[in-house]
Amino acid sequence: MTLDKRGKHMLITAWIIVGLIIVIDQAVKIWIKAHFYLYENYEVTSWFHIVFVENKGMAFGLDFLNKYLLTFLRMGLFVFLVWYIGRLCKAASTPMGYLVSIALIAAGAMGNIIDCVFYGEIFNNPYPPAIAHFVPWGEGYGSLFQGRVVDMLHFPLCSWTWPSWLPWIGGNEFTFFDPVFNIADAAISVGMLAIVFFYFNQMEHSLENEKTPDTSDK
């Protein structure tokens, strides 16, 4: 089944979104690497900080999967989403909002893939307060697929101390929202939340249709 006019418009829209998110995400990460030393914290407002941290690749700084496994899973997800975007653009019933949500997830996945695959080869890793810079290929802090993902957005919206009478957490300080993340993480989160709240039935419907052979050209 070929793309009609609406399908072509949707495909162009999806790839513009993917391209813009990747370019903005990488531009911000490279700027942070070139201007901040590791763990530097710049307070924009009391509830928004720019903090330069790095992690092995999980969103919001989480770390519980093997580095290679995580990178290849993310690459597999991106390949699947590229294929899925093409299928969605061929379906006349696909809502534009659903397509945009999938495009955001694809863009976020690729944004963090670039860090994991290439940053270890092209950046050095000096001790703070020295700032990282580009180095010739192969002279970086790690090998191919061993780069660390750059995070910088921190929104400590509010904090409090748990009452001392609470078991395990009593007396501890809690900050909401504490994780540091990047634009790629934000794109993935926005896309997933939009699907969960607005397009979950559409996702089920689309995946069910993939189980049925397409005979429209026969």
# chains A, B, ... in the order shown; residues from 1 in each chain; ligands from 1
>>> select_by_dssp(residues="range 42-152 of chain A", states="helix (DSSP H, G or I)", output="MDAnalysis selection string")
chainID A and resid 59:61 67:90 96:122
>>> write_last_selection(atoms="C-alpha atoms", output="JSON list (two decimals), in the first residue's frame")
[["chain", "number", "residue", "atom", "x", "y", "z"],
["A", 59, "ALA", "CA", 16.52, 7.55, 31.53],
["A", 60, "PHE", "CA", 16.62, 9.91, 34.53],
["A", 61, "GLY", "CA", 19.99, 8.54, 35.62],
["A", 67, "LYS", "CA", 25.60, -1.09, 28.99],
["A", 68, "TYR", "CA", 25.78, -3.04, 25.72],
["A", 69, "LEU", "CA", 22.39, -4.65, 26.28],
["A", 70, "LEU", "CA", 20.79, -1.29, 26.97],
["A", 71, "THR", "CA", 22.30, 0.33, 23.87],
["A", 72, "PHE", "CA", 21.28, -2.50, 21.55],
["A", 73, "LEU", "CA", 17.79, -2.62, 23.04],
["A", 74, "ARG", "CA", 17.45, 1.10, 22.40],
["A", 75, "MET", "CA", 18.73, 0.68, 18.83],
["A", 76, "GLY", "CA", 16.25, -2.14, 18.26],
["A", 77, "LEU", "CA", 13.47, 0.06, 19.59],
["A", 78, "PHE", "CA", 14.44, 2.85, 17.21],
["A", 79, "VAL", "CA", 14.46, 0.51, 14.19],
["A", 80, "PHE", "CA", 11.05, -0.82, 15.18],
["A", 81, "LEU", "CA", 9.65, 2.69, 15.62],
["A", 82, "VAL", "CA", 10.97, 3.76, 12.21],
["A", 83, "TRP", "CA", 9.13, 0.82, 10.66],
["A", 84, "TYR", "CA", 6.05, 1.50, 12.80],
["A", 85, "ILE", "CA", 5.93, 5.17, 11.78],
["A", 86, "GLY", "CA", 5.87, 4.06, 8.15],
["A", 87, "ARG", "CA", 2.97, 1.70, 8.84],
["A", 88, "LEU", "CA", 1.04, 4.38, 10.72],
["A", 89, "CYS", "CA", 1.40, 6.82, 7.83],
["A", 90, "LYS", "CA", -0.18, 4.28, 5.49],
["A", 96, "MET", "CA", -1.80, 12.87, 14.07],
["A", 97, "GLY", "CA", -1.34, 13.14, 17.84],
["A", 98, "TYR", "CA", -0.58, 9.43, 18.09],
["A", 99, "LEU", "CA", 1.98, 9.67, 15.29],
["A", 100, "VAL", "CA", 3.63, 12.66, 17.00],
["A", 101, "SER", "CA", 3.83, 10.66, 20.25],
["A", 102, "ILE", "CA", 5.59, 7.78, 18.50],
["A", 103, "ALA", "CA", 7.93, 10.23, 16.75],
["A", 104, "LEU", "CA", 8.87, 11.79, 20.12],
["A", 105, "ILE", "CA", 9.75, 8.36, 21.54],
["A", 106, "ALA", "CA", 11.82, 7.50, 18.46],
["A", 107, "ALA", "CA", 13.67, 10.81, 18.62],
["A", 108, "GLY", "CA", 14.41, 10.41, 22.31],
["A", 109, "ALA", "CA", 15.74, 6.90, 21.79],
["A", 110, "MET", "CA", 18.09, 8.04, 19.02],
["A", 111, "GLY", "CA", 19.20, 11.08, 21.00],
["A", 112, "ASN", "CA", 20.54, 8.88, 23.80],
["A", 113, "ILE", "CA", 21.89, 6.27, 21.37],
["A", 114, "ILE", "CA", 24.24, 8.89, 19.94],
["A", 115, "ASP", "CA", 25.70, 9.57, 23.39],
["A", 116, "CYS", "CA", 26.17, 5.88, 24.18],
["A", 117, "VAL", "CA", 27.73, 5.00, 20.84],
["A", 118, "PHE", "CA", 29.99, 7.98, 20.09],
["A", 119, "TYR", "CA", 30.69, 10.20, 23.11],
["A", 120, "GLY", "CA", 33.30, 7.87, 24.59],
["A", 121, "GLU", "CA", 35.32, 8.14, 21.38],
["A", 122, "ILE", "CA", 35.15, 11.90, 20.82]]
>>> residues_around(residues="Lys29 in chain A", least_positions_apart="4", cutoff="12 Å", atoms="only C-alpha atoms", output="ChimeraX atom specification")
/A:22-25,33-36,50-54,111-112,114-115,119,123,132,148-153,181-184
>>> select_by_dssp(residues="chain A", states="strand (DSSP E)", output="list in words")
Asn41, Tyr42, Glu43, Val44, Thr45, Phe48, His49, Ile50, Val51, Phe52, Val53, Glu54, Asn55, Val149, Val150, Asp151, Met152, Leu153, His154, Cys158, Ser159, Trp160, Thr161, Glu173, Phe174, Thr175, Phe176, Val180 and Phe181 of chain A
>>> closest_residue(among="A:Ile169, A:Ala92, A:Leu20, A:Leu38", to="Ala130 in chain A", atoms="only C-alpha atoms")
A:Leu38
>>> closest_residue(among="A:His133, A:Arg6, A:His154, A:Lys56", to="Tyr42 in chain A", atoms="only C-alpha atoms")
A:His154
>>> residues_around(residues="Asn172 in chain A", least_positions_apart="2", cutoff="9 Å", atoms="only C-alpha atoms", output="PDB file with C-alpha atoms, in the first residue's frame")
ATOM      1  CA  TRP A 160      10.462  18.263  52.781  1.00  0.00           C
ATOM      2  CA  THR A 161      11.722  16.156  55.653  1.00  0.00           C
ATOM      3  CA  TRP A 162       9.775  13.018  56.472  1.00  0.00           C
ATOM      4  CA  PRO A 163       8.409  12.851  60.055  1.00  0.00           C
ATOM      5  CA  SER A 164      10.794  11.048  62.389  1.00  0.00           C
ATOM      6  CA  TRP A 168      12.901   3.594  57.280  1.00  0.00           C
ATOM      7  CA  ILE A 169      12.417   7.088  55.803  1.00  0.00           C
ATOM      8  CA  GLY A 170      11.784   9.089  58.984  1.00  0.00           C
ATOM      9  CA  PHE A 174      12.917  14.225  50.071  1.00  0.00           C
TER      10      PHE A 174
END
>>> closest_residue(among="A:Gln26, A:Phe134, A:Pro156, A:Met10", to="Val44 in chain A", atoms="only C-alpha atoms")
A:Pro156
>>> decode(residues="range 129-141 of chain A", atoms="N, CA and C atoms", output="short mmCIF file (atom, residue, chain, number, x, y, z; two decimals), in the first residue's frame")
data_model
loop_
_atom_site.label_atom_id
_atom_site.label_comp_id
_atom_site.auth_asym_id
_atom_site.auth_seq_id
_atom_site.Cartn_x
_atom_site.Cartn_y
_atom_site.Cartn_z
N PRO A 129 37.63 20.88 38.33
CA PRO A 129 36.73 21.74 37.54
C PRO A 129 37.13 21.91 36.08
N ALA A 130 38.01 21.05 35.55
CA ALA A 130 38.34 21.13 34.13
C ALA A 130 37.12 20.75 33.30
N ILE A 131 37.02 21.33 32.10
CA ILE A 131 35.87 21.11 31.22
C ILE A 131 36.27 20.20 30.07
N ALA A 132 35.40 19.29 29.70
CA ALA A 132 35.68 18.34 28.62
C ALA A 132 35.75 19.05 27.28
N HIS A 133 36.45 18.44 26.34
CA HIS A 133 36.50 18.97 24.99
C HIS A 133 36.64 17.83 24.00
N PHE A 134 36.43 18.13 22.72
CA PHE A 134 36.57 17.14 21.68
C PHE A 134 38.02 16.69 21.56
N VAL A 135 38.20 15.40 21.27
CA VAL A 135 39.53 14.83 21.03
C VAL A 135 39.48 14.03 19.74
N PRO A 136 40.63 13.74 19.12
CA PRO A 136 40.62 12.90 17.92
C PRO A 136 39.98 11.54 18.20
N TRP A 137 39.37 10.98 17.17
CA TRP A 137 38.67 9.71 17.31
C TRP A 137 39.60 8.66 17.92
N GLY A 138 39.10 7.98 18.93
CA GLY A 138 39.87 6.93 19.58
C GLY A 138 40.66 7.39 20.78
N GLU A 139 40.70 8.69 21.05
CA GLU A 139 41.46 9.20 22.19
C GLU A 139 40.53 9.67 23.32
N GLY A 140 39.28 9.28 23.25
CA GLY A 140 38.32 9.69 24.26
C GLY A 140 38.38 8.85 25.52
N TYR A 141 37.44 9.06 26.39
CA TYR A 141 37.42 8.40 27.70
C TYR A 141 36.94 6.96 27.64
#
